[in-house]
file upload_34.txt (compact mmCIF, C-alpha atoms)
# COMPACT_ATOMS: atom_id res chain seq x y z
CA MET N 282 81.49 148.65 139.82
CA ALA N 283 79.47 148.55 136.57
CA ASP N 284 80.57 145.05 135.58
CA HIS N 285 79.34 143.68 138.88
CA LEU N 286 75.82 144.78 138.06
CA PRO N 287 74.54 141.71 136.14
CA HIS N 288 75.88 139.44 138.84
CA MET N 289 74.26 141.61 141.52
CA LEU N 290 70.95 141.52 139.66
CA ARG N 291 71.08 137.77 139.41
CA ALA N 292 71.94 137.52 143.08
CA ASP N 293 69.08 139.88 143.83
CA ALA N 294 66.63 137.80 141.78
CA GLN N 295 67.77 134.62 143.54
CA GLU N 296 67.45 136.34 146.91
CA ASN N 297 63.89 137.43 146.06
CA ARG N 298 62.99 133.93 144.96
CA ASP N 299 64.33 132.47 148.21
CA ARG N 300 62.50 135.07 150.30
CA VAL N 301 59.22 134.27 148.57
CA LEU N 302 59.69 130.52 149.03
CA ARG N 303 60.60 130.97 152.71
CA ALA N 304 57.57 133.22 153.28
CA ALA N 305 55.27 130.84 151.41
CA ARG N 306 56.54 127.82 153.34
CA ALA N 307 56.13 129.63 156.66
CA LEU N 308 52.60 130.81 155.85
CA PHE N 309 51.50 127.44 154.43
CA ALA N 310 52.95 125.71 157.49
CA GLU N 311 51.11 128.05 159.86
CA ARG N 312 47.78 128.34 158.12
CA GLY N 313 47.47 125.87 155.29
CA LEU N 314 47.17 126.63 151.60
CA ASP N 315 44.40 129.12 152.02
CA VAL N 316 46.68 132.18 152.22
CA SER N 317 46.58 134.72 149.41
CA MET N 318 49.44 135.61 147.06
CA ARG N 319 49.16 139.14 148.48
CA GLU N 320 49.86 137.93 152.02
CA ILE N 321 52.82 135.92 150.76
CA ALA N 322 54.25 138.98 148.96
CA ARG N 323 53.75 141.08 152.11
CA ARG N 324 55.47 138.50 154.35
CA ALA N 325 58.34 138.18 151.84
CA GLU N 326 58.58 141.97 151.61
CA VAL N 327 58.50 141.91 147.83
CA GLY N 328 56.06 143.65 145.50
CA PRO N 329 53.26 141.66 143.84
CA ALA N 330 54.94 142.19 140.45
CA THR N 331 58.13 140.51 141.69
CA LEU N 332 56.12 137.65 143.16
CA TYR N 333 54.18 137.00 139.92
CA ARG N 334 57.35 137.28 137.80
CA ARG N 335 58.92 134.43 139.80
CA PHE N 336 55.72 132.39 140.29
CA PRO N 337 53.05 133.14 137.67
CA THR N 338 50.44 131.06 139.54
CA LYS N 339 49.83 130.08 143.14
CA GLN N 340 50.03 126.46 141.98
CA ALA N 341 53.57 126.96 140.73
CA LEU N 342 54.50 128.48 144.07
CA ILE N 343 52.89 125.65 146.08
CA GLU N 344 54.68 123.06 143.98
CA GLN N 345 58.07 124.72 144.48
CA ALA N 346 57.45 125.34 148.17
CA PHE N 347 56.71 121.65 148.84
CA ALA N 348 59.13 120.09 146.35
CA HIS N 349 61.37 118.80 149.14
CA GLU N 350 58.53 117.38 151.27
CA ALA N 351 56.89 115.80 148.21
CA ARG N 352 60.14 113.96 147.55
CA GLN N 353 60.32 112.88 151.20
CA CYS N 354 56.75 111.56 151.03
CA ARG N 355 57.48 109.59 147.90
CA GLU N 356 60.51 108.03 149.57
CA ILE N 357 58.55 107.18 152.72
CA VAL N 358 55.84 105.44 150.68
CA ARG N 359 58.36 103.60 148.50
CA ASP N 360 60.39 102.38 151.47
CA ALA N 361 57.23 101.21 153.24
CA TRP N 362 56.01 99.42 150.16
CA ALA N 363 59.39 97.73 149.64
CA ASP N 364 59.56 96.41 153.23
CA PRO N 365 59.25 92.61 153.12
CA ASP N 366 57.16 92.84 156.32
CA PRO N 367 54.10 94.82 155.17
CA TRP N 368 52.85 95.64 158.69
CA ARG N 369 56.27 96.95 159.71
CA GLY N 370 56.34 99.02 156.51
CA LEU N 371 52.86 100.39 157.18
CA CYS N 372 53.72 101.32 160.79
CA ALA N 373 56.91 103.10 159.70
CA MET N 374 54.94 105.01 157.08
CA ILE N 375 52.33 106.12 159.63
CA ARG N 376 55.03 107.32 162.03
CA GLU N 377 57.02 109.19 159.41
CA VAL N 378 54.10 110.80 157.64
CA THR N 379 52.60 111.87 160.99
CA GLU N 380 55.87 113.52 161.94
CA LEU N 381 56.04 115.44 158.63
CA ASN N 382 52.40 116.36 159.04
CA ALA N 383 52.93 117.75 162.52
CA GLN N 384 55.67 120.03 161.31
CA ASN N 385 53.72 121.41 158.39
CA GLN N 386 50.09 122.50 158.26
CA GLY N 387 50.09 123.02 154.50
CA LEU N 388 51.72 119.76 153.53
CA VAL N 389 48.75 117.42 153.72
CA ASP N 390 46.60 119.99 151.98
CA ALA N 391 49.19 120.18 149.24
CA LEU N 392 49.78 116.46 148.84
CA GLY N 393 46.38 115.11 149.67
CA THR N 394 43.56 117.48 149.14
CA ALA N 395 44.66 120.08 146.62
CA PRO N 396 42.33 120.21 143.63
CA PRO N 397 43.20 117.64 140.98
CA GLY N 398 45.08 119.08 138.05
CA THR N 399 46.77 121.59 140.32
CA PHE N 400 49.98 119.71 140.45
CA ASP N 401 52.64 117.67 139.08
CA PHE N 402 51.85 115.84 142.36
CA ASP N 403 48.72 114.32 140.82
CA ALA N 404 50.46 111.41 139.19
CA HIS N 405 52.64 110.81 142.24
CA ARG N 406 49.59 110.92 144.47
CA THR N 407 47.82 108.28 142.41
CA ASP N 408 50.99 106.14 142.35
CA ALA N 409 51.33 106.56 146.12
CA LEU N 410 47.72 105.52 146.71
CA HIS N 411 48.22 102.41 144.58
CA MET N 412 51.34 101.49 146.54
CA ILE N 413 49.62 102.11 149.88
CA ALA N 414 46.59 100.06 148.76
CA ASP N 415 48.90 97.18 147.82
CA LEU N 416 50.83 97.44 151.10
CA CYS N 417 47.58 97.38 153.10
CA ARG N 418 46.27 94.39 151.17
CA ARG N 419 49.44 92.46 152.06
CA ALA N 420 49.30 93.61 155.71
CA LYS N 421 45.72 92.30 155.93
CA GLN N 422 46.71 88.98 154.33
CA ALA N 423 49.45 88.70 156.95
CA GLY N 424 46.76 89.05 159.64
CA ALA N 425 48.35 92.17 161.12
CA LEU N 426 46.09 94.92 159.76
CA ARG N 427 42.43 94.77 160.85
CA PRO N 428 40.31 93.08 158.17
CA ASP N 429 37.75 95.90 158.11
CA PHE N 430 40.38 98.54 157.33
CA ALA N 431 39.62 100.62 154.23
CA LEU N 432 42.07 102.78 152.34
CA ASP N 433 39.84 105.72 153.27
CA ASP N 434 40.95 105.20 156.88
CA PHE N 435 44.49 106.05 155.90
CA ILE N 436 43.32 109.33 154.32
CA LEU N 437 41.20 109.93 157.41
CA VAL N 438 44.12 109.63 159.83
CA LEU N 439 46.27 111.75 157.52
CA MET N 440 43.56 114.43 157.51
CA THR N 441 43.08 114.40 161.27
CA GLY N 442 46.85 114.42 161.78
CA ARG N 443 46.86 117.88 160.17
CA SER N 444 45.75 119.36 163.48
CA LEU N 445 49.00 118.27 165.09
CA SER N 446 50.63 121.33 163.56
CA ALA N 447 48.36 123.43 165.83
CA VAL N 448 49.61 121.74 169.03
CA PRO N 449 51.82 124.13 171.06
CA PRO N 450 55.46 123.64 169.98
CA GLN N 451 56.59 122.27 173.36
CA ALA N 452 54.15 119.34 173.00
CA ARG N 453 54.16 118.85 169.22
CA SER N 454 56.77 116.13 168.65
CA ALA N 455 55.52 114.09 171.60
CA ALA N 456 51.95 114.54 170.31
CA ALA N 457 52.94 113.28 166.85
CA ARG N 458 54.68 110.18 168.25
CA ARG N 459 51.81 109.40 170.62
CA TYR N 460 49.19 109.98 167.91
CA ALA N 461 51.04 107.68 165.49
CA ALA N 462 51.28 104.93 168.14
CA LEU N 463 47.56 105.24 168.98
CA THR N 464 46.72 105.17 165.26
CA ILE N 465 48.76 101.99 164.81
CA ASP N 466 46.88 100.35 167.70
CA ALA N 467 43.57 101.46 166.17
CA LEU N 468 44.47 99.77 162.88
CA ARG N 469 46.06 96.61 164.28
CA ALA N 470 44.03 93.40 163.97
CA SER N 471 42.82 92.60 167.49
CA PRO N 472 40.43 90.07 169.01
CA THR N 473 38.99 92.88 171.18
CA ALA N 474 38.39 95.40 168.36
CA GLY N 475 34.89 96.80 168.06
CA THR N 476 32.67 96.82 164.99
CA LEU N 477 33.39 99.80 162.75
CA PRO N 478 30.66 101.82 161.04
CA PRO N 479 31.04 102.00 157.22
CA PRO N 480 34.19 103.79 156.00
CA ALA N 481 33.94 107.46 155.05
CA PRO N 482 34.31 107.85 151.27
CA MET N 483 37.53 109.88 151.53
CA VAL N 484 39.38 108.43 148.54
CA PRO N 485 36.48 108.87 146.08
CA ALA N 486 36.01 112.46 147.27
CA MET N 487 39.70 113.05 146.68
CA LEU N 488 40.10 111.31 143.36
CA ALA N 489 36.66 111.90 141.83
CA ALA N 490 37.80 114.54 139.40
CA GLN N 491 41.00 112.68 138.56
CA GLY N 492 39.21 109.69 137.10
CA ALA N 493 41.56 107.39 139.01
CA GLU N 494 40.51 104.84 141.60
CA PRO N 495 43.12 102.66 143.25
CA GLY N 496 42.31 99.05 144.04
CA ARG N 497 41.12 98.41 147.58
CA MET V 21 3.58 155.47 162.39
CA ALA V 22 5.67 157.41 164.91
CA ASP V 23 4.70 155.24 167.88
CA HIS V 24 5.94 152.14 166.09
CA LEU V 25 9.43 153.55 165.95
CA PRO V 26 10.83 152.34 169.32
CA HIS V 27 9.53 148.86 168.60
CA MET V 28 11.07 148.93 165.12
CA LEU V 29 14.37 150.06 166.56
CA ARG V 30 14.34 147.24 169.06
CA ALA V 31 13.46 144.77 166.32
CA ASP V 32 16.26 146.21 164.22
CA ALA V 33 18.76 145.90 167.08
CA GLN V 34 17.71 142.30 167.66
CA GLU V 35 17.98 141.57 163.95
CA ASN V 36 21.50 143.04 163.86
CA ARG V 37 22.50 140.97 166.87
CA ASP V 38 21.21 137.77 165.24
CA ARG V 39 22.96 138.60 161.95
CA VAL V 40 26.26 139.12 163.77
CA LEU V 41 25.92 135.86 165.71
CA ARG V 42 24.99 133.93 162.55
CA ALA V 43 27.95 135.42 160.67
CA ALA V 44 30.33 134.76 163.58
CA ARG V 45 29.16 131.15 163.93
CA ALA V 46 29.52 130.54 160.20
CA LEU V 47 33.02 132.07 160.06
CA PHE V 48 34.22 130.32 163.24
CA ALA V 49 32.83 127.03 161.93
CA GLU V 50 34.59 127.46 158.59
CA ARG V 51 37.91 128.85 159.72
CA GLY V 52 38.29 128.65 163.49
CA LEU V 53 38.54 131.54 165.91
CA ASP V 54 41.24 133.31 163.98
CA VAL V 55 38.88 135.55 161.98
CA SER V 56 38.88 139.27 162.62
CA MET V 57 35.99 141.37 163.97
CA ARG V 58 36.16 143.26 160.68
CA GLU V 59 35.50 140.11 158.65
CA ILE V 60 32.60 139.24 160.92
CA ALA V 61 31.07 142.70 160.48
CA ARG V 62 31.51 142.42 156.72
CA ARG V 63 29.88 138.98 156.54
CA ALA V 64 27.02 140.19 158.77
CA GLU V 65 26.67 143.32 156.62
CA VAL V 66 26.73 145.62 159.64
CA GLY V 67 29.12 148.49 160.36
CA PRO V 68 31.98 148.01 162.84
CA ALA V 69 30.27 150.46 165.22
CA THR V 70 27.13 148.31 165.33
CA LEU V 71 29.22 145.19 165.90
CA TYR V 72 31.18 146.71 168.80
CA ARG V 73 28.00 148.17 170.36
CA ARG V 74 26.53 144.65 170.59
CA PHE V 75 29.79 142.84 171.40
CA PRO V 76 32.43 145.10 172.95
CA THR V 77 35.12 142.39 172.71
CA LYS V 78 35.76 139.41 170.48
CA GLN V 79 35.69 137.26 173.62
CA ALA V 80 32.12 138.34 174.36
CA LEU V 81 31.15 137.46 170.80
CA ILE V 82 32.86 134.04 170.93
CA GLU V 83 31.13 133.24 174.19
CA GLN V 84 27.69 134.14 172.84
CA ALA V 85 28.31 132.40 169.54
CA PHE V 86 29.18 129.11 171.28
CA ALA V 87 26.78 129.34 174.23
CA HIS V 88 24.59 126.56 172.84
CA GLU V 89 27.48 124.20 172.00
CA ALA V 90 29.13 124.89 175.38
CA ARG V 91 25.91 123.77 177.06
CA GLN V 92 25.79 120.67 174.85
CA CYS V 93 29.39 119.80 175.76
CA ARG V 94 28.68 120.17 179.45
CA GLU V 95 25.69 117.85 179.13
CA ILE V 96 27.69 115.28 177.16
CA VAL V 97 30.42 115.23 179.81
CA ARG V 98 27.93 115.08 182.69
CA ASP V 99 25.94 112.24 181.11
CA ALA V 100 29.13 110.31 180.41
CA TRP V 101 30.38 110.82 183.95
CA ALA V 102 27.02 109.74 185.42
CA ASP V 103 26.91 106.50 183.41
CA PRO V 104 27.30 103.59 185.85
CA ASP V 105 29.40 101.83 183.18
CA PRO V 106 32.42 104.16 182.83
CA TRP V 107 33.67 102.65 179.56
CA ARG V 108 30.22 102.98 177.96
CA GLY V 109 30.09 106.58 179.22
CA LEU V 110 33.54 107.31 177.82
CA CYS V 111 32.69 105.80 174.41
CA ALA V 112 29.46 107.80 174.19
CA MET V 113 31.36 110.96 175.05
CA ILE V 114 33.97 110.31 172.34
CA ARG V 115 31.26 109.71 169.73
CA GLU V 116 29.22 112.76 170.64
CA VAL V 117 32.10 115.19 171.03
CA THR V 118 33.58 113.98 167.73
CA GLU V 119 30.28 114.63 165.98
CA LEU V 120 30.05 118.17 167.41
CA ASN V 121 33.67 118.71 166.47
CA ALA V 122 33.13 117.64 162.88
CA GLN V 123 30.34 120.15 162.45
CA ASN V 124 32.24 123.07 163.89
CA GLN V 125 35.82 124.11 163.26
CA GLY V 126 35.80 126.82 165.90
CA LEU V 127 34.25 124.82 168.69
CA VAL V 128 37.27 122.93 169.96
CA ASP V 129 39.36 126.07 169.73
CA ALA V 130 36.76 127.85 171.79
CA LEU V 131 36.28 125.15 174.40
CA GLY V 132 39.71 123.66 174.52
CA THR V 133 42.48 125.89 173.43
CA ALA V 134 41.30 129.47 173.84
CA PRO V 135 43.64 131.47 176.06
CA PRO V 136 42.79 131.06 179.75
CA GLY V 137 40.89 133.98 181.16
CA THR V 138 39.16 134.52 177.82
CA PHE V 139 36.00 132.90 178.93
CA ASP V 140 33.36 132.11 181.33
CA PHE V 141 34.18 128.65 179.87
CA ASP V 142 37.35 128.47 181.96
CA ALA V 143 35.65 127.16 185.07
CA HIS V 144 33.49 124.77 183.07
CA ARG V 145 36.52 123.52 181.22
CA THR V 146 38.34 122.76 184.47
CA ASP V 147 35.22 121.06 185.86
CA ALA V 148 34.88 119.05 182.65
CA LEU V 149 38.52 117.95 182.81
CA HIS V 150 38.06 116.81 186.40
CA MET V 151 34.98 114.79 185.47
CA ILE V 152 36.71 113.25 182.45
CA ALA V 153 39.76 112.41 184.58
CA ASP V 154 37.50 110.67 187.12
CA LEU V 155 35.61 108.81 184.38
CA CYS V 156 38.86 107.61 182.82
CA ARG V 157 40.22 106.48 186.19
CA ARG V 158 37.11 104.33 186.71
CA ALA V 159 37.24 102.97 183.12
CA LYS V 160 40.84 101.90 183.74
CA GLN V 161 39.91 100.25 187.05
CA ALA V 162 37.21 98.34 185.20
CA GLY V 163 39.91 97.02 182.84
CA ALA V 164 38.26 98.51 179.76
CA LEU V 165 40.44 101.57 179.12
CA ARG V 166 44.10 100.86 178.32
CA PRO V 167 46.23 101.23 181.45
CA ASP V 168 48.75 103.53 179.74
CA PHE V 169 46.05 106.04 178.75
CA ALA V 170 46.76 109.61 179.90
CA LEU V 171 44.24 112.42 180.07
CA ASP V 172 46.41 114.20 177.49
CA ASP V 173 45.34 111.53 174.99
CA PHE V 174 41.78 112.72 175.27
CA ILE V 175 42.87 116.29 174.48
CA LEU V 176 45.00 114.92 171.65
CA VAL V 177 42.10 113.12 169.96
CA LEU V 178 39.89 116.18 170.49
CA MET V 179 42.52 118.35 168.82
CA THR V 180 43.05 116.00 165.88
CA GLY V 181 39.27 115.63 165.49
CA ARG V 182 39.17 119.33 164.61
CA SER V 183 40.29 118.48 161.10
CA LEU V 184 37.08 116.54 160.52
CA SER V 185 35.37 119.86 159.85
CA ALA V 186 37.61 120.16 156.76
CA VAL V 187 36.42 116.83 155.29
CA PRO V 188 34.18 117.39 152.23
CA PRO V 189 30.53 117.61 153.40
CA GLN V 190 29.47 114.41 151.61
CA ALA V 191 31.96 112.39 153.68
CA ARG V 192 31.94 114.35 156.95
CA SER V 193 29.39 112.49 159.12
CA ALA V 194 30.70 109.11 158.05
CA ALA V 195 34.24 110.33 158.75
CA ALA V 196 33.26 111.46 162.26
CA ARG V 197 31.60 108.11 163.08
CA ARG V 198 34.49 106.11 161.67
CA TYR V 199 37.09 108.29 163.43
CA ALA V 200 35.27 107.94 166.77
CA ALA V 201 35.11 104.14 166.39
CA LEU V 202 38.82 103.94 165.51
CA THR V 203 39.65 106.19 168.47
CA ILE V 204 37.66 103.94 170.80
CA ASP V 205 39.59 100.91 169.52
CA ALA V 206 42.88 102.79 170.02
CA LEU V 207 41.97 103.48 173.66
CA ARG V 208 40.48 100.10 174.52
CA ALA V 209 42.56 97.81 176.74
CA SER V 210 43.81 95.04 174.46
CA PRO V 211 46.27 92.17 174.81
CA THR V 212 47.67 93.04 171.38
CA ALA V 213 48.19 96.79 172.01
CA GLY V 214 51.66 98.16 171.35
CA THR V 215 53.86 100.11 173.75
CA LEU V 216 53.06 103.81 173.66
CA PRO V 217 55.73 106.52 173.74
CA PRO V 218 55.31 109.01 176.64
CA PRO V 219 52.13 111.11 176.49
CA ALA V 220 52.30 114.59 174.99
CA PRO V 221 51.89 117.23 177.72
CA MET V 222 48.63 118.59 176.29
CA VAL V 223 46.79 119.26 179.54
CA PRO V 224 49.67 121.19 181.18
CA ALA V 225 50.06 123.29 178.01
CA MET V 226 46.36 124.04 178.14
CA LEU V 227 45.99 124.70 181.83
CA ALA V 228 49.39 126.20 182.62
CA ALA V 229 48.18 129.76 182.93
CA GLN V 230 45.02 128.71 184.76
CA GLY V 231 46.88 127.32 187.75
CA ALA V 232 44.60 124.26 187.69
CA GLU V 233 45.71 120.67 187.24
CA PRO V 234 43.18 117.88 187.31
CA GLY V 235 44.12 114.54 188.89
CA ARG V 236 45.34 111.93 186.46
call {"tool": "encode", "arguments": {"input": "upload_34.txt", "output": "structure tokens"}}
result
Amino acid sequence: MADHLPHMLRADAQENRDRVLRAARALFAERGLDVSMREIARRAEVGPATLYRRFPTKQALIEQAFAHEARQCREIVRDAWADPDPWRGLCAMIREVTELNAQNQGLVDALGTAPPGTFDFDAHRTDALHMIADLCRRAKQAGALRPDFALDDFILVLMTGRSLSAVPPQARSAAARRYAALTIDALRASPTAGTLPPPAPMVPAMLAAQGAEPGR
Amino acid sequence: MADHLPHMLRADAQENRDRVLRAARALFAERGLDVSMREIARRAEVGPATLYRRFPTKQALIEQAFAHEARQCREIVRDAWADPDPWRGLCAMIREVTELNAQNQGLVDALGTAPPGTFDFDAHRTDALHMIADLCRRAKQAGALRPDFALDDFILVLMTGRSLSAVPPQARSAAARRYAALTIDALRASPTAGTLPPPAPMVPAMLAAQGAEPGR
């Protein structure tokens, strides 16, 4: 029995780590990033000491909890950017990001609006914004994206899409698909489109403290 | 001094009531309806007993806290419905409701998604949905609203507009105006509009337990 102990301890540590990550993901998905470490420990049924031994900071926990989704987002943006048809790429990106968004309340907070410096995501976020800016520029040149589109509009629809995670589960996937399709029609160049008021300064608000500003 | 006491007590009771309502409005606006009575008492700096004496249930408190906004919403819907140009009425309603929405995180929860039976708002909500359904029917007939619009889309954009209250204050009003204008373009009949996937069943989810179903 005694020589099984180290193995059992390791298994126990791994099990605790997984429980914490599951609890954190569930709580972030339900309520966004604004849950306390204490609530996460309680949901995971581990003591605070165990929680802090595995994840010394909330930032470390957030980063681990969203590692998979962050990778997915990067792939979505890269695939969109690499599409030879920029409008098709942009539409696919809107659909896929909206779907992710609808499944996860905390995700957009984590990827988009977390305080700069919080993450390893910072650099990826700036890269992603540059790629999206370039994609949108090409989609405008192709005459498919409305000429008065601003990159801030993309952040705006990402932000508003966060609420999809609050739609009752039986309507959520349909809501995400419908919302993405309506968003695409809102952004499509159209002879009947109205005049837009000035864009909301979403990107500057987001990047201010990062000292990065992607090209428009 | 003694004969001032009843007056002072009344003034004190009134002051406590106002403090509770201010605290409740602030917390609902910041975080939605999901705050506890305990947190509201703490923010208002009154004891739980005082809170429950003024507002025996959370529902009573919610109703009082949003009485003013509920009246505003009713007026917005009535004015829109009474506009002889249904598309102009619908656009005004989208702009005004979006603005209210952006200023108040709890409002849409209270008016739109609170459990049926919670409120005096129930009847008003059903009335409002009937008026909006009628307005949309006329806007379609006039060829201005896209023919594949469903009433659920209105609930969908209301729901997603909730997130506007999370936009940093310096960008919030501009975000609300821009979002409303993009929404209007998404809903406008257009020869270039895409094919929408089926609508998300938002209205049934909302009204299921009320036994009411407005005409489409």
call {"tool": "interface_residues", "arguments": {"input": "upload_34.txt", "of": "chain N", "to": "chain V", "cutoff": "9 Å", "atoms": "all atoms listed in the file", "output": "number ranges by chain"}}
result
N: 434, 437-438, 440-445, 447-449, 451-460, 462-483, 486-487
call {"tool": "atom_distance", "arguments": {"input": "upload_34.txt", "atom1": "CA of Thr118 in chain V", "atom2": "CA of Lys78 in chain V"}}
result
25.7 Å
call {"tool": "closest_residue", "arguments": {"input": "upload_34.txt", "among": "N:Ala409, N:Asn297, N:Cys354, N:Asp366", "to": "Glu380 in chain N", "atoms": "all atoms listed in the file"}}
result
N:Cys354
call {"tool": "residues_around", "arguments": {"input": "upload_34.txt", "residues": "Asp364 in chain N", "least_positions_apart": "5", "cutoff": "10 Å", "atoms": "only C-alpha atoms", "output": "number ranges by chain"}}
result
N: 359, 369-371, 373, 416
